[in-house]
$ cat final_1.txt   # compact mmCIF, C-alpha atoms
# COMPACT_ATOMS: atom_id res chain seq x y z
CA MET A 1395 37.66 158.05 61.05
CA ALA A 1396 40.46 156.22 62.88
CA GLN A 1397 40.76 156.80 66.61
CA PRO A 1398 43.92 158.62 67.75
CA SER A 1399 46.61 156.58 69.46
CA ARG A 1400 46.12 155.99 73.17
CA ALA A 1401 48.81 156.70 75.74
CA VAL A 1402 48.60 155.66 79.37
CA VAL A 1403 50.85 157.47 81.83
CA ILE A 1404 51.57 155.68 85.11
CA GLY A 1405 52.31 158.36 87.70
CA GLY A 1406 50.88 161.84 88.12
CA GLY A 1407 54.00 163.69 89.25
CA ILE A 1408 55.82 166.42 87.37
CA GLY A 1409 57.34 164.10 84.76
CA GLY A 1410 54.14 162.15 84.20
CA LEU A 1411 51.94 165.23 83.83
CA THR A 1412 54.45 166.92 81.52
CA ALA A 1413 54.51 163.80 79.34
CA ALA A 1414 50.71 163.63 79.35
CA ALA A 1415 50.41 167.28 78.33
CA ALA A 1416 53.04 166.92 75.60
CA LEU A 1417 51.41 163.77 74.18
CA HIS A 1418 47.95 165.35 74.35
CA ARG A 1419 49.35 168.29 72.41
CA ARG A 1420 50.51 165.78 69.78
CA GLY A 1421 46.96 164.51 69.38
CA LEU A 1422 47.09 161.32 71.47
CA ARG A 1423 44.28 160.27 73.81
CA VAL A 1424 45.92 160.36 77.21
CA THR A 1425 45.01 158.73 80.51
CA VAL A 1426 47.04 159.42 83.66
CA LEU A 1427 46.88 156.83 86.44
CA GLU A 1428 47.98 158.15 89.85
CA ARG A 1429 47.93 155.79 92.83
CA ALA A 1430 47.54 158.61 95.40
CA ARG A 1431 44.14 160.08 96.18
CA SER A 1432 45.09 163.48 94.75
CA LEU A 1433 47.75 165.14 92.63
CA GLU A 1434 48.91 167.22 95.58
CA PRO A 1435 52.71 166.79 95.71
CA ILE A 1436 54.79 166.27 98.80
CA GLY A 1437 55.34 169.78 100.15
CA ALA A 1438 58.52 171.21 98.71
CA ALA A 1439 59.70 173.66 96.11
CA ILE A 1440 61.41 172.95 92.82
CA SER A 1441 64.13 174.89 91.05
CA LEU A 1442 63.60 175.10 87.29
CA SER A 1443 66.65 175.86 85.20
CA PRO A 1444 66.53 177.28 81.65
CA ASN A 1445 66.61 173.83 80.03
CA ALA A 1446 63.36 172.77 81.72
CA LEU A 1447 61.73 176.15 81.14
CA ARG A 1448 62.45 175.86 77.41
CA ALA A 1449 60.85 172.40 77.49
CA LEU A 1450 57.77 173.94 79.11
CA ASP A 1451 57.75 176.57 76.34
CA THR A 1452 56.87 173.77 73.91
CA LEU A 1453 53.68 173.26 75.95
CA GLY A 1454 52.87 176.96 75.88
CA ILE A 1455 53.36 177.56 79.62
CA GLY A 1456 57.03 178.50 79.91
CA ASP A 1457 56.42 182.22 80.32
CA ARG A 1458 53.49 181.60 82.65
CA ILE A 1459 55.75 179.56 84.93
CA ARG A 1460 58.46 182.21 84.75
CA ASP A 1461 55.89 184.81 85.85
CA LEU A 1462 54.69 182.58 88.70
CA ALA A 1463 58.20 181.96 89.95
CA ALA A 1464 58.51 182.56 93.66
CA TRP A 1465 62.11 183.69 93.44
CA GLN A 1466 64.50 184.94 90.80
CA GLY A 1467 67.66 186.38 92.23
CA ASP A 1468 71.24 186.18 93.31
CA GLY A 1469 72.55 183.81 95.93
CA GLY A 1470 75.65 181.92 96.84
CA LEU A 1471 77.52 179.38 98.88
CA ARG A 1472 78.39 179.87 102.57
CA THR A 1473 80.17 178.20 105.47
CA PRO A 1474 78.28 177.26 108.67
CA ARG A 1475 79.57 180.44 110.33
CA GLY A 1476 78.16 182.51 107.49
CA ARG A 1477 81.22 183.39 105.42
CA TRP A 1478 80.48 183.60 101.71
CA LEU A 1479 82.55 181.16 99.68
CA SER A 1480 81.06 182.19 96.36
CA ARG A 1481 78.32 184.35 94.93
CA THR A 1482 76.02 183.53 92.05
CA ASP A 1483 74.89 186.23 89.67
CA ALA A 1484 71.37 185.72 88.31
CA ALA A 1485 71.90 188.15 85.44
CA ALA A 1486 75.14 186.45 84.39
CA ALA A 1487 73.47 183.04 84.54
CA ALA A 1488 70.51 184.23 82.46
CA GLU A 1489 72.85 185.72 79.86
CA ARG A 1490 75.05 182.62 79.78
CA PHE A 1491 72.23 180.09 79.44
CA GLY A 1492 69.54 182.10 77.67
CA GLY A 1493 67.12 182.33 80.60
CA PRO A 1494 66.68 182.57 84.35
CA LEU A 1495 66.74 180.04 87.14
CA VAL A 1496 63.41 180.18 88.95
CA LEU A 1497 62.05 178.66 92.15
CA LEU A 1498 58.41 177.85 92.83
CA HIS A 1499 56.30 175.49 94.89
CA ARG A 1500 55.80 172.08 93.30
CA ALA A 1501 52.03 172.40 93.69
CA THR A 1502 52.08 175.47 91.43
CA LEU A 1503 53.77 173.51 88.67
CA ILE A 1504 51.54 170.46 89.15
CA ASP A 1505 48.41 172.62 88.88
CA SER A 1506 49.69 174.35 85.75
CA LEU A 1507 50.46 171.03 84.04
CA ALA A 1508 47.17 169.40 85.04
CA ALA A 1509 45.28 172.38 83.57
CA LEU A 1510 46.64 171.46 80.13
CA LEU A 1511 44.79 168.13 80.14
CA PRO A 1512 41.15 167.25 79.51
CA ALA A 1513 39.10 167.10 82.70
CA ASP A 1514 38.71 163.31 82.53
CA ALA A 1515 42.34 162.52 81.68
CA VAL A 1516 43.59 162.06 85.25
CA ARG A 1517 42.42 159.19 87.45
CA THR A 1518 43.51 159.29 91.08
CA ALA A 1519 43.47 156.39 93.56
CA ALA A 1520 44.27 154.29 90.50
CA ALA A 1521 47.16 151.94 91.17
CA ALA A 1522 48.44 150.46 87.91
CA THR A 1523 50.41 147.33 87.07
CA LEU A 1524 52.04 146.60 83.73
CA ALA A 1525 50.61 143.29 82.51
CA ASP A 1526 52.23 143.22 79.06
CA ALA A 1527 54.77 145.61 77.51
CA GLY A 1528 53.41 144.89 74.04
CA ASP A 1529 55.38 144.99 70.81
CA ALA A 1530 55.00 146.13 67.21
CA GLY A 1531 52.15 143.69 66.68
CA ARG A 1532 50.12 144.12 69.86
CA PRO A 1533 49.27 146.87 72.33
CA ALA A 1534 50.58 147.11 75.86
CA ARG A 1535 48.20 146.15 78.67
CA ILE A 1536 47.83 147.77 82.10
CA THR A 1537 45.85 146.40 85.00
CA THR A 1538 43.93 148.87 87.18
CA PRO A 1539 41.33 148.52 89.98
CA ASP A 1540 38.67 149.35 87.37
CA GLY A 1541 39.82 146.77 84.84
CA GLU A 1542 42.41 146.42 82.10
CA LEU A 1543 43.51 149.11 79.65
CA GLU A 1544 45.23 148.70 76.30
CA ALA A 1545 47.60 151.35 75.03
CA ASP A 1546 49.74 152.12 72.03
CA LEU A 1547 52.20 153.75 74.43
CA VAL A 1548 52.74 153.37 78.17
CA VAL A 1549 54.76 156.04 79.96
CA ALA A 1550 56.24 154.80 83.23
CA ALA A 1551 56.63 157.86 85.43
CA ASP A 1552 56.20 155.87 88.64
CA GLY A 1553 59.19 157.22 90.48
CA ILE A 1554 62.32 155.98 92.13
CA ARG A 1555 60.75 152.70 93.28
CA SER A 1556 59.32 152.07 89.82
CA ARG A 1557 57.58 148.74 89.55
CA VAL A 1558 57.49 149.12 85.79
CA ARG A 1559 61.27 149.47 85.64
CA GLN A 1560 61.61 146.28 87.66
CA ALA A 1561 59.17 144.47 85.36
CA LEU A 1562 60.97 145.58 82.21
CA PHE A 1563 64.51 144.98 83.47
CA PRO A 1564 64.26 142.38 86.25
CA HIS A 1565 68.03 141.75 86.33
CA HIS A 1566 68.96 145.40 86.80
CA PRO A 1567 70.21 146.06 90.38
CA GLY A 1568 67.91 149.06 90.82
CA THR A 1569 68.74 151.93 93.12
CA VAL A 1570 71.49 152.25 95.73
CA TYR A 1571 71.67 154.40 98.85
CA SER A 1572 73.50 157.64 98.12
CA GLY A 1573 74.95 157.83 101.64
CA PHE A 1574 72.87 160.69 103.00
CA THR A 1575 69.38 161.64 104.06
CA THR A 1576 67.50 164.87 103.38
CA TRP A 1577 65.00 167.08 105.19
CA ARG A 1578 62.70 169.60 103.48
CA VAL A 1579 60.30 172.23 104.73
CA VAL A 1580 58.14 174.99 103.23
CA ILE A 1581 56.86 177.36 105.92
CA PRO A 1582 55.94 181.01 106.49
CA VAL A 1583 58.70 183.04 108.13
CA PRO A 1584 57.27 186.57 108.52
CA GLY A 1585 59.77 189.36 108.04
CA ALA A 1586 62.58 187.11 106.86
CA THR A 1587 64.90 188.87 104.44
CA PHE A 1588 68.01 187.14 103.17
CA ALA A 1589 69.83 186.13 100.01
CA SER A 1590 69.18 182.64 98.75
CA HIS A 1591 72.06 180.43 99.77
CA GLU A 1592 73.39 176.93 100.28
CA THR A 1593 75.72 176.22 103.20
CA TRP A 1594 78.30 173.43 103.16
CA GLY A 1595 79.55 171.98 106.42
CA ARG A 1596 81.25 168.74 107.39
CA GLY A 1597 79.11 165.95 105.97
CA ARG A 1598 76.13 168.31 106.13
CA ILE A 1599 74.53 170.94 103.91
CA TRP A 1600 71.69 173.40 104.36
CA GLY A 1601 69.83 175.49 101.79
CA THR A 1602 67.47 178.42 102.44
CA HIS A 1603 65.48 180.12 99.68
CA PRO A 1604 62.83 182.86 99.99
CA LEU A 1605 59.46 182.26 98.33
CA LYS A 1606 56.62 184.65 97.59
CA GLY A 1607 54.16 185.59 100.29
CA GLY A 1608 56.62 185.40 103.16
CA ARG A 1609 57.27 181.67 102.82
CA VAL A 1610 60.67 180.00 102.92
CA TYR A 1611 61.86 176.80 101.32
CA ALA A 1612 64.63 175.11 103.29
CA TYR A 1613 66.37 171.80 102.84
CA ALA A 1614 69.12 169.99 104.65
CA ALA A 1615 71.17 166.85 104.14
CA ALA A 1616 73.57 164.86 106.27
CA VAL A 1617 75.67 161.74 105.92
CA THR A 1618 73.87 159.03 107.92
CA PRO A 1619 73.20 155.30 107.70
CA ALA A 1620 70.10 154.43 105.69
CA GLY A 1621 66.75 153.93 107.37
CA GLN A 1622 67.32 156.00 110.49
CA HIS A 1623 64.93 158.47 112.12
CA ALA A 1624 65.14 160.92 114.99
CA PRO A 1625 64.46 159.46 118.44
CA ASP A 1626 62.04 162.35 119.12
CA ASP A 1627 61.09 164.30 115.99
CA GLU A 1628 62.81 165.58 112.87
CA LYS A 1629 62.68 169.24 113.88
CA ALA A 1630 64.65 168.31 116.99
CA GLU A 1631 67.11 166.44 114.80
CA LEU A 1632 67.60 169.51 112.61
CA LEU A 1633 68.17 171.65 115.70
CA ARG A 1634 70.86 169.25 116.90
CA ARG A 1635 72.60 169.26 113.54
CA PHE A 1636 72.09 172.85 112.31
CA GLY A 1637 70.81 174.94 115.24
CA ASP A 1638 74.13 176.80 115.71
CA TRP A 1639 74.65 177.62 112.03
CA HIS A 1640 74.43 181.17 110.66
CA ASP A 1641 71.29 183.29 110.27
CA PRO A 1642 68.61 182.81 109.02
CA ILE A 1643 68.85 179.08 109.79
CA PRO A 1644 67.93 179.40 113.51
CA ALA A 1645 64.93 181.59 112.60
CA VAL A 1646 63.72 179.07 110.04
CA LEU A 1647 64.03 176.23 112.53
CA ALA A 1648 62.21 178.26 115.18
CA ALA A 1649 59.31 178.85 112.79
CA ALA A 1650 58.99 175.19 111.79
CA ARG A 1651 56.73 172.69 113.51
CA PRO A 1652 57.77 169.04 113.78
CA GLU A 1653 54.98 168.07 111.37
CA ASP A 1654 56.32 170.53 108.76
CA VAL A 1655 59.58 168.61 108.35
CA LEU A 1656 59.85 165.86 105.73
CA ARG A 1657 62.71 163.37 105.86
CA HIS A 1658 63.75 160.99 103.08
CA ASP A 1659 66.84 158.90 102.42
CA VAL A 1660 68.41 159.61 99.02
CA HIS A 1661 68.81 156.79 96.51
CA HIS A 1662 70.04 156.85 92.95
CA ILE A 1663 70.54 154.54 89.97
CA ALA A 1664 74.28 153.87 89.89
CA GLU A 1665 74.26 151.42 86.99
CA PRO A 1666 72.49 152.94 83.97
CA LEU A 1667 69.66 151.00 82.43
CA PRO A 1668 70.34 149.32 79.08
CA ALA A 1669 67.56 151.43 77.54
CA PHE A 1670 64.68 153.67 78.57
CA HIS A 1671 62.15 151.59 76.67
CA LEU A 1672 61.00 148.05 76.00
CA GLY A 1673 58.15 147.11 73.71
CA ARG A 1674 55.60 149.92 73.85
CA VAL A 1675 56.72 151.15 77.29
CA ALA A 1676 58.98 154.15 77.96
CA LEU A 1677 60.52 155.09 81.31
CA LEU A 1678 61.13 158.69 82.34
CA GLY A 1679 62.27 160.71 85.32
CA ASP A 1680 63.33 158.91 88.48
CA ALA A 1681 62.01 155.63 87.08
CA ALA A 1682 64.70 155.88 84.39
CA HIS A 1683 67.60 157.77 85.95
CA ALA A 1684 67.13 158.64 89.62
CA MET A 1685 69.98 160.91 90.73
CA PRO A 1686 71.05 162.75 93.88
CA PRO A 1687 69.51 166.25 94.16
CA THR A 1688 72.90 167.97 94.29
CA LEU A 1689 72.56 169.60 90.84
CA GLY A 1690 68.85 170.31 91.22
CA GLN A 1691 68.22 168.43 87.97
CA GLY A 1692 65.93 165.55 88.93
CA GLY A 1693 62.68 167.28 88.05
CA ASN A 1694 64.29 169.26 85.25
CA GLN A 1695 65.47 166.10 83.52
CA ALA A 1696 62.03 164.51 83.89
CA ILE A 1697 60.53 167.52 82.10
CA GLU A 1698 63.13 167.19 79.35
CA ASP A 1699 62.36 163.47 79.07
CA ALA A 1700 58.68 164.20 78.64
CA VAL A 1701 58.93 166.58 75.71
CA VAL A 1702 61.57 164.44 73.97
CA LEU A 1703 59.37 161.36 74.42
CA ALA A 1704 56.42 163.18 72.88
CA HIS A 1705 58.64 164.13 69.94
CA HIS A 1706 59.73 160.48 69.47
CA HIS A 1707 56.54 158.74 70.62
CA GLU A 1708 56.40 156.63 67.46
CA ASP A 1709 60.05 155.57 67.78
CA LEU A 1710 61.00 154.72 71.36
CA ALA A 1711 64.48 153.61 70.36
CA ALA A 1712 65.13 157.18 69.24
CA TYR A 1713 63.87 158.39 72.62
CA SER A 1714 66.32 156.10 74.44
CA ALA A 1715 69.16 157.20 72.17
CA ALA A 1716 68.39 160.86 72.82
CA ARG A 1717 67.98 160.63 76.58
CA LEU A 1718 70.11 157.84 78.02
CA PRO A 1719 73.58 159.34 77.34
CA ARG A 1720 72.58 162.81 78.55
CA THR A 1721 70.88 161.72 81.76
CA THR A 1722 73.64 159.22 82.54
CA ALA A 1723 76.25 161.98 82.31
CA ILE A 1724 74.21 164.35 84.48
CA ALA A 1725 73.50 161.66 87.07
CA ARG A 1726 77.21 160.88 87.34
CA GLN A 1727 77.98 164.57 87.74
CA ALA A 1728 75.37 164.75 90.52
CA VAL A 1729 77.08 161.85 92.31
CA ARG A 1730 80.46 163.58 92.03
CA THR A 1731 78.94 166.79 93.37
CA ALA A 1732 77.46 164.90 96.31
CA ARG A 1733 80.91 163.58 97.20
CA LEU A 1734 82.18 167.17 97.16
CA ASN A 1735 79.50 168.92 99.18
CA MET A 1736 78.98 166.05 101.64
CA MET A 1737 82.71 165.72 102.30
CA GLU A 1738 83.69 164.78 105.87
CA SER A 1739 87.50 165.15 105.79
CA ARG A 1740 88.59 168.39 107.50
CA ALA A 1741 91.63 168.69 105.23
CA GLY A 1742 89.51 168.04 102.16
CA ILE A 1743 86.94 170.60 103.27
CA ALA A 1744 89.65 173.26 103.67
CA VAL A 1745 90.88 172.61 100.13
CA ARG A 1746 87.32 172.52 98.79
CA ASP A 1747 86.33 175.82 100.40
CA ALA A 1748 89.49 177.55 99.22
CA ALA A 1749 88.88 176.32 95.68
CA MET A 1750 85.28 177.59 95.70
CA THR A 1751 86.43 181.00 96.93
CA ALA A 1752 89.10 181.19 94.23
CA LEU A 1753 86.59 180.26 91.53
CA SER A 1754 84.22 182.94 92.73
CA LEU A 1755 86.95 185.59 92.72
CA ALA A 1756 87.87 184.59 89.17
CA GLY A 1757 84.41 185.63 88.02
CA PRO A 1758 80.94 184.15 87.52
CA ALA A 1759 81.85 182.49 84.22
CA LEU A 1760 84.04 179.92 85.95
CA VAL A 1761 81.40 179.17 88.59
CA LEU A 1762 78.74 178.74 85.90
CA ARG A 1763 80.91 176.48 83.77
CA GLY A 1764 79.73 173.44 85.72
CA PHE A 1765 76.24 173.87 84.22
CA ALA A 1766 77.47 174.13 80.64
CA GLY A 1767 75.79 171.42 78.63
CA ILE A 1768 72.97 171.18 81.19
CA ALA A 1769 71.18 174.52 81.44
CA ASP A 1770 71.79 175.43 77.78
CA TRP A 1771 69.90 172.38 76.40
CA ARG A 1772 67.12 173.00 73.90
CA PRO A 1773 64.16 170.81 72.99
CA PRO A 1774 64.15 168.94 69.67
CA HIS A 1775 61.39 171.24 68.40
CA GLY A 1776 59.94 174.67 69.14
CA PRO A 1777 58.39 176.91 70.04
CA TYR A 1778 60.46 178.06 72.94
CA ALA A 1779 61.76 181.30 74.39
CA SER A 1780 63.30 183.55 71.80
CA ALA A 1781 66.30 184.56 73.92
CA GLU A 1782 69.36 183.21 72.17
CA ILE A 1783 72.24 181.49 73.89
CA PRO A 1784 75.40 183.49 73.15
CA THR A 1785 77.53 182.14 70.31
CA GLY A 1786 80.13 179.66 71.55
CA ASN A 1787 78.05 178.53 74.51
CA ARG A 1788 75.96 175.90 72.76
$ encode --input "final_1.txt" --output "structure tokens"
Amino acid sequence: MAQPSRAVVIGGGIGGLTAAAALHRRGLRVTVLERARSLEPIGAAISLSPNALRALDTLGIGDRIRDLAAWQGDGGLRTPRGRWLSRTDAAAAAERFGGPLVLLHRATLIDSLAALLPADAVRTAAAATLADAGDAGRPARITTPDGELEADLVVAADGIRSRVRQALFPHHPGTVYSGFTTWRVVIPVPGATFASHETWGRGRIWGTHPLKGGRVYAYAAAVTPAGQHAPDDEKAELLRRFGDWHDPIPAVLAAARPEDVLRHDVHHIAEPLPAFHLGRVALLGDAAHAMPPTLGQGGNQAIEDAVVLAHHHEDLAAYSAARLPRTTAIARQAVRTARLNMMESRAGIAVRDAAMTALSLAGPALVLRGFAGIADWRPPHGPYASAEIPTGNR
């Protein structure tokens, strides 16, 4: 009996594990190579929109993830003094896009994806280098500390600084600095009760979202030169920038320890790649289309990539054709959104805030229109949640 095709996934993050699970479900022998010593993700939450949840339905875990969600509820957009510019309606969003928006810790999703794989599929502390992309007549080759592997398919899920991307497309300019840095924290805040919200200031934003068990996920961003760090610690930097903003921001900052705060500059791929594949190698997630986090679609698009790649694993050109136009459009929309919410002009901010208020008063449909074509995406094959998207919204 012929051996099943072998796939090697470089990178054990959300995109890589989703791809591994989807390919395993298709009958491929899968090996995941993760350079870190464990699959434990950097501590932060992830927002999963209906498009990604439907992709997870094809793996049989969509409803499980929905049930594990830390938060499903209303929220909105505020000013630094606390005035609501707009409100989001969870029920209206679920009706419009055929499912909810859910928030959970990244570790929860990582654990759920890893559980779909055979026990020996994931190798940690396993840095990998692409030695040969292969072609129709020969397999791809990957070099690891334990020797060389051959594969019928290599999935490059090695993140924003992807070495595989650079090897496949050495003349591509790579990523560019998006103009702002971000901070993230997941901490317990006992007794905190508030509506999930994002707050837009002048060249600064803050987001606070309640999680289960009394924890809070908070993130912040500010326009700064690349490569900078606080002269003391990043909690102190957040206090300087956001300490006088509305509740519950001061309470969250008071509960955080300096070591709880993660800071990262934001980079994105401004010039799209010519393709998401070469030879027997396919790129996905940030390795293919890194984008600013302003639409919350980075992880969601990686999950989409993974299930589409599994569907087209025997025809990588079809995978590129399916994914490159969509992710390019979403990445460009994320860049435009970053220019809007990181705006520094006082006059521009006044116009922006007035426009957001007017949109909110006009009803949730107008506010949700910006996610049309994103959250209503469906995988190329089932099964997925049975809730139908209303006619006319496809």
$ atom_distance --input "final_1.txt" --atom1 "atom CA of A:Ala1508" --atom2 "atom CA of A:Arg1400"
17.9 Å
$ residues_around --input "final_1.txt" --residues "A:Leu1672" --least-positions-apart "2" --cutoff "12 Å" --atoms "only C-alpha atoms" --output "MDAnalysis selection string"
chainID A and resid 1524 1526:1530 1534 1547:1550 1558:1563 1667:1670 1674:1677 1709:1711 1713:1714
$ closest_residue --input "final_1.txt" --among "A:Val1610, A:Met1685, A:Val1646, A:Ala1700" --to "A:Leu1411" --atoms "all atoms listed in the file"
A:Ala1700
$ closest_residue --input "final_1.txt" --among "A:Gly1673, A:Gly1406, A:Gly1601, A:Gly1454" --to "A:Ala1515" --atoms "all atoms listed in the file"
A:Gly1406
$ closest_residue --input "final_1.txt" --among "A:Trp1577, A:Phe1765, A:Tyr1611, A:Phe1636" --to "A:Pro1652" --atoms "all atoms listed in the file"
A:Trp1577
$ closest_atom_pairs --input "final_1.txt" --of "stretch 1430-1451 of chain A" --to "stretch 1415-1426 of chain A" --cutoff "12 Å" --atoms "only C-alpha atoms" --output "JSON lines"
{"residue": "A:Ala1430", "atom": "CA", "partner": "A:Val1426", "partner_atom": "CA", "distance": 11.8}
{"residue": "A:Ser1432", "atom": "CA", "partner": "A:Val1426", "partner_atom": "CA", "distance": 12.0}
{"residue": "A:Leu1433", "atom": "CA", "partner": "A:Val1426", "partner_atom": "CA", "distance": 10.7}
{"residue": "A:Ala1449", "atom": "CA", "partner": "A:Ala1416", "partner_atom": "CA", "distance": 9.7}
{"residue": "A:Leu1450", "atom": "CA", "partner": "A:Ala1416", "partner_atom": "CA", "distance": 9.2}
{"residue": "A:Asp1451", "atom": "CA", "partner": "A:Ala1416", "partner_atom": "CA", "distance": 10.8}
